[in-house]
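**Q** So I've got this file, input06.pdb, and it contains PDB, C-alpha atoms:
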ATOM      1  CA  MET A 942     -56.006 -17.421   6.661
ATOM      2  CA  ASP A 943     -56.772 -17.598   2.953
ATOM      3  CA  GLY A 944     -53.575 -17.162   0.887
ATOM      4  CA  ASP A 945     -55.249 -14.526  -1.274
ATOM      5  CA  SER A 946     -55.895 -12.353   1.774
ATOM      6  CA  ILE A 947     -52.284 -12.237   2.987
ATOM      7  CA  SER A 948     -51.105  -8.634   2.807
ATOM      8  CA  PHE A 949     -47.733  -7.248   1.785
ATOM      9  CA  ASP A 950     -46.950  -6.523   5.443
ATOM     10  CA  ASP A 951     -47.901 -10.081   6.445
ATOM     11  CA  ASN A 952     -45.547 -11.489   3.819
ATOM     12  CA  VAL A 953     -42.688  -9.222   4.883
ATOM     13  CA  SER A 954     -43.232 -10.063   8.555
ATOM     14  CA  ARG A 955     -43.336 -13.767   7.772
ATOM     15  CA  ARG A 956     -40.160 -13.511   5.704
ATOM     16  CA  LYS A 957     -38.449 -11.593   8.486
ATOM     17  CA  ALA A 958     -39.445 -14.238  11.016
ATOM     18  CA  LEU A 959     -38.337 -17.119   8.801
ATOM     19  CA  PHE A 960     -35.144 -15.693   7.342
ATOM     20  CA  GLY A 961     -34.165 -12.776   9.570
ATOM     21  CA  ALA A 962     -31.688 -14.762  11.640
ATOM     22  CA  ALA A 963     -30.135 -16.256   8.501
ATOM     23  CA  PHE A 964     -30.172 -13.052   6.445
ATOM     24  CA  GLY A 965     -26.809 -12.595   4.761
ATOM     25  CA  THR A 966     -25.468 -15.965   5.938
ATOM     26  CA  THR A 967     -26.211 -18.110   2.879
ATOM     27  CA  PHE A 968     -25.578 -17.711  -0.836
ATOM     28  CA  ALA A 969     -28.228 -16.946  -3.440
ATOM     29  CA  LEU A 970     -29.389 -20.062  -5.259
ATOM     30  CA  ALA A 971     -28.772 -18.430  -8.653
ATOM     31  CA  ALA A 972     -25.143 -17.749  -7.669
ATOM     32  CA  GLN A 973     -24.310 -21.395  -7.057
ATOM     33  CA  PRO A 974     -22.295 -23.594  -7.300
ATOM     34  CA  ILE A 975     -19.922 -21.931  -4.831
ATOM     35  CA  GLN A 976     -16.158 -21.994  -5.357
ATOM     36  CA  ALA A 977     -15.263 -22.787  -1.743
ATOM     37  CA  GLN A 978     -11.526 -22.933  -2.426
ATOM     38  CA  THR A 979     -11.337 -19.214  -3.213
ATOM     39  CA  MET A 980     -14.146 -17.923  -0.999
ATOM     40  CA  ILE A 981     -13.175 -15.297   1.575
ATOM     41  CA  THR A 982     -14.847 -15.469   4.979
ATOM     42  CA  THR A 983     -14.348 -12.507   7.289
ATOM     43  CA  PRO A 984     -14.967 -13.300  10.971
ATOM     44  CA  ALA A 985     -17.188 -11.043  13.062
ATOM     45  CA  ASP A 986     -14.892 -10.997  16.103
ATOM     46  CA  GLY A 987     -14.355  -7.433  17.280
ATOM     47  CA  LEU A 988     -17.443  -6.337  15.380
ATOM     48  CA  THR A 989     -21.102  -5.666  15.953
ATOM     49  CA  ALA A 990     -22.632  -7.405  12.937
ATOM     50  CA  GLY A 991     -25.957  -8.866  11.890
ATOM     51  CA  THR A 992     -29.453  -8.150  10.645
ATOM     52  CA  VAL A 993     -31.241  -4.897  11.432
ATOM     53  CA  SER A 994     -34.633  -3.550  10.406
ATOM     54  CA  VAL A 995     -34.748  -0.222   8.549
ATOM     55  CA  LYS A 996     -37.984   1.754   8.474
ATOM     56  CA  THR A 997     -38.549   3.088   4.964
ATOM     57  CA  SER A 998     -40.199   6.402   4.118
ATOM     58  CA  ASP A 999     -43.484   4.618   3.370
ATOM     59  CA  GLY A1000     -43.501   2.838   6.705
ATOM     60  CA  LYS A1001     -42.264  -0.576   5.559
ATOM     61  CA  ASP A1002     -39.684  -2.678   7.418
ATOM     62  CA  MET A1003     -36.641  -3.408   5.245
ATOM     63  CA  MET A1004     -34.028  -5.889   6.379
ATOM     64  CA  ALA A1005     -30.381  -4.901   6.114
ATOM     65  CA  TYR A1006     -27.062  -6.434   7.074
ATOM     66  CA  ARG A1007     -24.974  -4.060   9.168
ATOM     67  CA  ALA A1008     -21.415  -4.348  10.504
ATOM     68  CA  MET A1009     -19.227  -1.934  12.489
ATOM     69  CA  PRO A1010     -16.442  -2.037  15.093
ATOM     70  CA  ALA A1011     -17.744  -3.257  18.434
ATOM     71  CA  SER A1012     -16.432  -0.191  20.248
ATOM     72  CA  GLY A1013     -16.157   3.460  19.360
ATOM     73  CA  THR A1014     -18.312   5.885  17.435
ATOM     74  CA  GLY A1015     -18.161   8.387  14.570
ATOM     75  CA  PHE A1016     -17.388   5.736  11.968
ATOM     76  CA  GLY A1017     -17.346   6.676   8.307
ATOM     77  CA  THR A1018     -20.516   5.272   6.706
ATOM     78  CA  ILE A1019     -20.541   3.054   3.634
ATOM     79  CA  LEU A1020     -23.679   1.901   1.867
ATOM     80  CA  VAL A1021     -23.004  -1.514   0.322
ATOM     81  CA  VAL A1022     -25.299  -2.170  -2.624
ATOM     82  CA  GLN A1023     -26.050  -5.761  -3.516
ATOM     83  CA  GLU A1024     -25.222  -7.700  -6.629
ATOM     84  CA  ILE A1025     -28.079  -8.867  -8.822
ATOM     85  CA  PHE A1026     -28.406 -11.810  -6.403
ATOM     86  CA  GLY A1027     -29.545  -9.691  -3.453
ATOM     87  CA  VAL A1028     -28.043  -9.471   0.021
ATOM     88  CA  HIS A1029     -26.460 -12.877   0.398
ATOM     89  CA  ALA A1030     -23.342 -14.151   2.208
ATOM     90  CA  HIS A1031     -20.816 -12.417  -0.051
ATOM     91  CA  ILE A1032     -22.401  -8.984   0.399
ATOM     92  CA  ALA A1033     -22.555  -9.483   4.178
ATOM     93  CA  ASP A1034     -18.880 -10.415   4.106
ATOM     94  CA  ILE A1035     -18.089  -7.188   2.236
ATOM     95  CA  CYS A1036     -19.786  -5.301   5.098
ATOM     96  CA  ARG A1037     -17.579  -7.096   7.631
ATOM     97  CA  ARG A1038     -14.468  -6.294   5.606
ATOM     98  CA  PHE A1039     -15.319  -2.605   5.723
ATOM     99  CA  ALA A1040     -16.080  -2.870   9.444
ATOM    100  CA  LYS A1041     -12.652  -4.428  10.014
ATOM    101  CA  ALA A1042     -11.238  -1.338   8.287
ATOM    102  CA  GLY A1043     -13.071   0.894  10.777
ATOM    103  CA  TYR A1044     -16.263   1.687   8.901
ATOM    104  CA  TYR A1045     -19.962   1.383   9.604
ATOM    105  CA  ALA A1046     -21.158  -0.628   6.575
ATOM    106  CA  ILE A1047     -24.762  -1.468   5.794
ATOM    107  CA  ALA A1048     -26.368  -3.426   2.946
ATOM    108  CA  PRO A1049     -30.157  -2.963   2.674
ATOM    109  CA  ASP A1050     -32.394  -5.498   0.926
ATOM    110  CA  LEU A1051     -33.320  -3.254  -1.985
ATOM    111  CA  TYR A1052     -35.515  -5.873  -3.678
ATOM    112  CA  PHE A1053     -37.646  -6.606  -0.616
ATOM    113  CA  ARG A1054     -40.891  -5.245  -2.068
ATOM    114  CA  GLN A1055     -40.514  -7.393  -5.187
ATOM    115  CA  GLY A1056     -39.364 -10.656  -3.568
ATOM    116  CA  ASP A1057     -36.476 -12.647  -2.152
ATOM    117  CA  ALA A1058     -33.770 -12.816  -4.799
ATOM    118  CA  THR A1059     -31.697 -15.313  -2.842
ATOM    119  CA  LYS A1060     -34.374 -18.014  -3.228
ATOM    120  CA  ILE A1061     -34.595 -17.949  -7.048
ATOM    121  CA  SER A1062     -32.429 -20.580  -8.692
ATOM    122  CA  ASP A1063     -31.716 -19.130 -12.145
ATOM    123  CA  ILE A1064     -30.685 -15.710 -13.409
ATOM    124  CA  PRO A1065     -33.279 -15.274 -16.221
ATOM    125  CA  THR A1066     -36.137 -15.861 -13.755
ATOM    126  CA  LEU A1067     -34.477 -13.582 -11.219
ATOM    127  CA  ILE A1068     -34.285 -10.767 -13.771
ATOM    128  CA  LYS A1069     -37.840 -11.306 -15.045
ATOM    129  CA  ASP A1070     -39.615 -11.744 -11.720
ATOM    130  CA  ILE A1071     -37.695  -9.361  -9.472
ATOM    131  CA  VAL A1072     -34.887  -7.201 -10.870
ATOM    132  CA  SER A1073     -36.831  -5.799 -13.829
ATOM    133  CA  LYS A1074     -39.604  -4.705 -11.463
ATOM    134  CA  VAL A1075     -37.424  -2.599  -9.121
ATOM    135  CA  PRO A1076     -37.789   1.153  -9.850
ATOM    136  CA  ASP A1077     -34.754   3.394  -9.544
ATOM    137  CA  ALA A1078     -36.874   5.859  -7.554
ATOM    138  CA  GLN A1079     -37.669   3.139  -5.004
ATOM    139  CA  VAL A1080     -33.981   2.306  -4.637
ATOM    140  CA  MET A1081     -32.987   5.936  -4.140
ATOM    141  CA  GLY A1082     -35.642   6.368  -1.450
ATOM    142  CA  ASP A1083     -34.706   3.163   0.373
ATOM    143  CA  LEU A1084     -31.041   4.153   0.395
ATOM    144  CA  ASP A1085     -32.054   7.521   1.841
ATOM    145  CA  SER A1086     -33.918   5.629   4.574
ATOM    146  CA  THR A1087     -30.831   3.493   5.200
ATOM    147  CA  VAL A1088     -28.723   6.607   5.726
ATOM    148  CA  ALA A1089     -31.331   7.941   8.166
ATOM    149  CA  PHE A1090     -31.257   4.622  10.039
ATOM    150  CA  ALA A1091     -27.457   4.719  10.277
ATOM    151  CA  LYS A1092     -27.557   8.246  11.622
ATOM    152  CA  GLY A1093     -30.220   7.274  14.135
ATOM    153  CA  GLU A1094     -28.133   4.436  15.572
ATOM    154  CA  GLY A1095     -25.676   7.029  16.868
ATOM    155  CA  LYS A1096     -22.521   5.140  15.879
ATOM    156  CA  ALA A1097     -22.073   6.199  12.263
ATOM    157  CA  ASP A1098     -21.003   9.627  11.063
ATOM    158  CA  THR A1099     -23.232  10.092   8.036
ATOM    159  CA  ALA A1100     -21.452  13.345   7.212
ATOM    160  CA  LYS A1101     -18.736  10.953   6.007
ATOM    161  CA  LEU A1102     -20.936   9.031   3.573
ATOM    162  CA  GLY A1103     -19.675   6.674   0.913
ATOM    163  CA  ILE A1104     -21.303   4.085  -1.319
ATOM    164  CA  THR A1105     -20.027   0.984  -3.074
ATOM    165  CA  GLY A1106     -21.786  -1.688  -5.100
ATOM    166  CA  PHE A1107     -21.269  -4.622  -7.404
ATOM    167  CA  CYS A1108     -22.832  -5.483 -10.787
ATOM    168  CA  TRP A1109     -26.445  -4.263 -10.403
ATOM    169  CA  GLY A1110     -25.243  -2.349  -7.377
ATOM    170  CA  GLY A1111     -22.324  -0.861  -9.298
ATOM    171  CA  ARG A1112     -24.804   0.989 -11.483
ATOM    172  CA  ILE A1113     -26.670   2.166  -8.405
ATOM    173  CA  VAL A1114     -23.467   3.721  -7.028
ATOM    174  CA  TRP A1115     -23.379   6.203  -9.913
ATOM    175  CA  MET A1116     -27.114   6.873  -9.704
ATOM    176  CA  TYR A1117     -27.230   7.439  -5.951
ATOM    177  CA  ASP A1118     -24.158   9.660  -5.997
ATOM    178  CA  ALA A1119     -26.018  11.998  -8.355
ATOM    179  CA  HIS A1120     -29.180  11.699  -6.238
ATOM    180  CA  ASN A1121     -27.810  12.503  -2.785
ATOM    181  CA  PRO A1122     -25.715  15.661  -2.206
ATOM    182  CA  ALA A1123     -24.387  14.128   1.034
ATOM    183  CA  VAL A1124     -22.346  11.450  -0.770
ATOM    184  CA  LYS A1125     -18.626  12.138  -0.392
ATOM    185  CA  ALA A1126     -17.368   9.337  -2.631
ATOM    186  CA  GLY A1127     -18.362   6.133  -4.397
ATOM    187  CA  VAL A1128     -16.679   2.987  -5.702
ATOM    188  CA  ALA A1129     -18.551   1.205  -8.498
ATOM    189  CA  TRP A1130     -17.520  -2.353  -9.284
ATOM    190  CA  TYR A1131     -18.454  -3.324 -12.860
ATOM    191  CA  GLY A1132     -21.814  -1.567 -12.891
ATOM    192  CA  PRO A1133     -23.567  -1.113 -16.267
ATOM    193  CA  LEU A1134     -23.110   2.394 -17.623
ATOM    194  CA  ALA A1135     -25.553   2.496 -20.528
ATOM    195  CA  LYS A1136     -28.498   0.241 -21.296
ATOM    196  CA  ASP A1137     -31.954   0.506 -22.792
ATOM    197  CA  ALA A1138     -34.122   2.872 -20.779
ATOM    198  CA  THR A1139     -37.318   1.575 -19.190
ATOM    199  CA  PRO A1140     -40.150   3.350 -17.343
ATOM    200  CA  LEU A1141     -38.681   2.119 -14.049
ATOM    201  CA  SER A1142     -35.068   2.904 -14.992
ATOM    202  CA  PRO A1143     -35.354   5.898 -17.323
ATOM    203  CA  THR A1144     -31.737   7.094 -17.056
ATOM    204  CA  ASN A1145     -28.260   5.604 -17.023
ATOM    205  CA  PRO A1146     -24.998   6.519 -15.305
ATOM    206  CA  VAL A1147     -23.758   8.075 -18.541
ATOM    207  CA  ASP A1148     -26.800  10.379 -18.463
ATOM    208  CA  ILE A1149     -26.242  11.630 -14.906
ATOM    209  CA  ALA A1150     -22.436  11.704 -14.837
ATOM    210  CA  LYS A1151     -22.406  15.491 -15.058
ATOM    211  CA  SER A1152     -24.354  15.722 -11.785
ATOM    212  CA  LEU A1153     -22.187  13.656  -9.434
ATOM    213  CA  HIS A1154     -21.838  15.070  -5.928
ATOM    214  CA  GLY A1155     -18.856  12.987  -4.838
ATOM    215  CA  PRO A1156     -16.124  11.517  -7.052
ATOM    216  CA  VAL A1157     -16.607   7.902  -8.092
ATOM    217  CA  GLN A1158     -13.913   5.328  -8.722
ATOM    218  CA  GLY A1159     -15.087   2.818 -11.309
ATOM    219  CA  LEU A1160     -13.517  -0.667 -11.414
ATOM    220  CA  TYR A1161     -14.205  -2.615 -14.607
ATOM    221  CA  GLY A1162     -13.028  -5.682 -16.491
ATOM    222  CA  GLY A1163     -11.721  -5.409 -20.023
ATOM    223  CA  ALA A1164     -13.213  -8.814 -20.894
ATOM    224  CA  ASP A1165     -16.643  -8.064 -19.425
ATOM    225  CA  THR A1166     -19.068  -9.364 -22.056
ATOM    226  CA  GLY A1167     -21.978  -7.370 -20.601
ATOM    227  CA  ILE A1168     -20.315  -3.955 -20.327
ATOM    228  CA  SER A1169     -18.732  -2.746 -23.537
ATOM    229  CA  GLN A1170     -15.543  -0.738 -23.629
ATOM    230  CA  GLU A1171     -17.443   1.675 -25.851
ATOM    231  CA  SER A1172     -19.765   2.445 -22.929
ATOM    232  CA  VAL A1173     -16.759   2.887 -20.651
ATOM    233  CA  GLU A1174     -15.265   5.447 -23.026
ATOM    234  CA  LYS A1175     -18.606   7.255 -23.259
ATOM    235  CA  MET A1176     -18.685   7.433 -19.476
ATOM    236  CA  ARG A1177     -15.170   8.825 -19.333
ATOM    237  CA  ALA A1178     -16.134  11.534 -21.803
ATOM    238  CA  ALA A1179     -19.285  12.354 -19.831
ATOM    239  CA  LEU A1180     -17.275  12.653 -16.617
ATOM    240  CA  LYS A1181     -14.826  15.081 -18.197
ATOM    241  CA  ALA A1182     -17.719  17.352 -19.161
ATOM    242  CA  GLY A1183     -19.433  17.188 -15.770
ATOM    243  CA  SER A1184     -19.257  18.623 -12.263
ATOM    244  CA  ALA A1185     -16.051  19.020 -10.280
ATOM    245  CA  ALA A1186     -16.775  15.652  -8.647
ATOM    246  CA  ALA A1187     -17.381  14.085 -12.039
ATOM    247  CA  GLN A1188     -14.095  15.414 -13.358
ATOM    248  CA  LYS A1189     -12.298  14.010 -10.311
ATOM    249  CA  SER A1190     -13.840  10.582 -10.904
ATOM    250  CA  GLN A1191     -11.783   7.790 -12.427
ATOM    251  CA  ILE A1192     -12.381   4.498 -14.197
ATOM    252  CA  LYS A1193      -9.822   1.704 -14.047
ATOM    253  CA  VAL A1194     -10.141  -1.159 -16.505
ATOM    254  CA  TYR A1195      -8.334  -4.420 -15.787
ATOM    255  CA  PRO A1196      -7.281  -6.028 -19.105
ATOM    256  CA  ASP A1197      -8.465  -9.561 -19.880
ATOM    257  CA  THR A1198     -10.670  -9.553 -16.770
ATOM    258  CA  PRO A1199     -14.295 -10.751 -16.695
ATOM    259  CA  HIS A1200     -17.391  -9.362 -15.044
ATOM    260  CA  GLY A1201     -17.671 -10.242 -11.359
ATOM    261  CA  PHE A1202     -13.930 -10.399 -10.722
ATOM    262  CA  ASN A1203     -14.392  -9.503  -7.037
ATOM    263  CA  ALA A1204     -16.910 -12.305  -6.431
ATOM    264  CA  ASP A1205     -14.544 -14.692  -4.640
ATOM    265  CA  TYR A1206     -17.214 -17.413  -4.460
ATOM    266  CA  ARG A1207     -17.646 -17.640  -8.251
ATOM    267  CA  PRO A1208     -15.468 -18.833 -11.171
ATOM    268  CA  SER A1209     -15.215 -15.209 -12.371
ATOM    269  CA  PHE A1210     -13.044 -14.319  -9.344
ATOM    270  CA  ARG A1211      -9.621 -12.893 -10.139
ATOM    271  CA  LYS A1212      -7.550 -12.664  -6.968
ATOM    272  CA  GLU A1213      -4.959 -10.137  -8.120
ATOM    273  CA  GLN A1214      -7.512  -7.713  -9.576
ATOM    274  CA  ALA A1215      -9.852  -8.099  -6.594
ATOM    275  CA  GLU A1216      -7.096  -7.352  -4.102
ATOM    276  CA  ASP A1217      -5.930  -4.354  -6.114
ATOM    277  CA  GLY A1218      -9.500  -3.068  -6.379
ATOM    278  CA  TRP A1219     -10.003  -3.388  -2.630
ATOM    279  CA  LYS A1220      -6.855  -1.383  -1.898
ATOM    280  CA  ILE A1221      -7.991   1.273  -4.375
ATOM    281  CA  ALA A1222     -11.452   1.384  -2.779
ATOM    282  CA  LEU A1223     -10.116   1.900   0.752
ATOM    283  CA  ALA A1224      -7.672   4.568  -0.422
ATOM    284  CA  TRP A1225     -10.402   6.300  -2.440
ATOM    285  CA  PHE A1226     -12.785   6.558   0.495
ATOM    286  CA  LYS A1227     -10.025   7.782   2.800
ATOM    287  CA  ALA A1228      -8.833  10.404   0.343
ATOM    288  CA  ASN A1229     -12.326  11.731  -0.298
ATOM    289  CA  GLY A1230     -13.635  12.336   3.194
ATOM    290  CA  VAL A1231     -15.279   9.020   4.061
ATOM    291  CA  GLY A1232     -12.467   7.456   6.118
TER     292      GLY A1232
END
Translate the structure of the given file into structure tokens.

**A**
Amino acid sequence: MDGDSISFDDNVSRRKALFGAAFGTTFALAAQPIQAQTMITTPADGLTAGTVSVKTSDGKDMMAYRAMPASGTGFGTILVVQEIFGVHAHIADICRRFAKAGYYAIAPDLYFRQGDATKISDIPTLIKDIVSKVPDAQVMGDLDSTVAFAKGEGKADTAKLGITGFCWGGRIVWMYDAHNPAVKAGVAWYGPLAKDATPLSPTNPVDIAKSLHGPVQGLYGGADTGISQESVEKMRAALKAGSAAAQKSQIKVYPDTPHGFNADYRPSFRKEQAEDGWKIALAWFKANGVG
């Protein structure tokens, strides 16, 4: 077959065949080198975990990594939204951590129409070729499809819906919470709160804070060079002036802590802050109807 005649569906099918079994098992090239001495690996024993295929609203097949307890049903549902690097080994491990805590956790490949983020070796190229081309509207729709998939499996209780995300995904937590009335609670790890608007991303969390449906716990680093404390304070003010869920939301800032402090495979990892954030996240979901 001529390369120019390969369709979108052919490319997705080929990618699924080549990488489906390994999806979520390796690290993104742009995230390396890996700090193996601090990396957390959560075993899948006692879990049902691995790659699933989610049918999107436009009929596409989207890969996702899903983990849940091997027995039982009615699990609280948590959408896990990828870092800028896509759904790689760390994000899959986060799903298994939630599953060990009794949740149904699923991380969809939200860049799949634009490309495979895990195979790009540097961050500037990743942003230019993939991330900058992902519309917010596409992400919202694909997360809606992920919720529908979880409900259809019959194991998750999507009436107990939560969302968490990291970096790029931290921003999406705020955005999706305002988008979907079914969201009970969110936990946003160092997601940008205010940036220049683009046609594909016309609004920011600070713009939609007043419309949150479930309270969000924000976890941020005081030494994050990409997220200013000024934007954090603007977000706090916007939350105070918003819905009941917005007013219930909280932002915790860890002093002298960089961006990516939960990424245990990177030099930015801060063990004490990451462990505290995890405890806060679990307590937040439990207290707000997801657990």

**Q** To test your reading of the syntax: which residues would the PyMOL selection byres ((chain A and resi 1142) around 9) return for the file shown? Reply as a PyMOL selection string.

**A** chain A and resi 1073+1075-1078+1137-1141+1143-1145

**Q** Please determine the residues with any atom at most 12 Å from (-18.6, -13.4, 15.5) (coordinates as given in the file, with only C-alpha atoms counting) and report them as a ChimeraX atom specification.

**A** /A:982-991,1008-1011,1034,1037

**Q** Of the candidates A:Met1081, A:Ile1035, A:Val1022, A:Met1004, which one gets nearest to Phe1053 (chain A) if we count all atoms listed in the file?

**A**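 Looking at the shortest contact to Phe1053 (chain A), the residue is A:Met1004.
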
**Q** Decode the PyMOL selection byres ((chain A and resi 1228) around 12) for the given file into explicit residues and return them as JSON, numbers by chain.

**A** {"A": [1101, 1103, 1125, 1126, 1127, 1155, 1156, 1157, 1158, 1189, 1221, 1222, 1223, 1224, 1225, 1226, 1227, 1229, 1230, 1231, 1232]}

**Q** Any idea what the distance is between CA of Val1028 (chain A) and CA of Tyr1006 (chain A)?

**A**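 Between CA of Val1028 (chain A) and CA of Tyr1006 (chain A) the gap is 7.7 Å.
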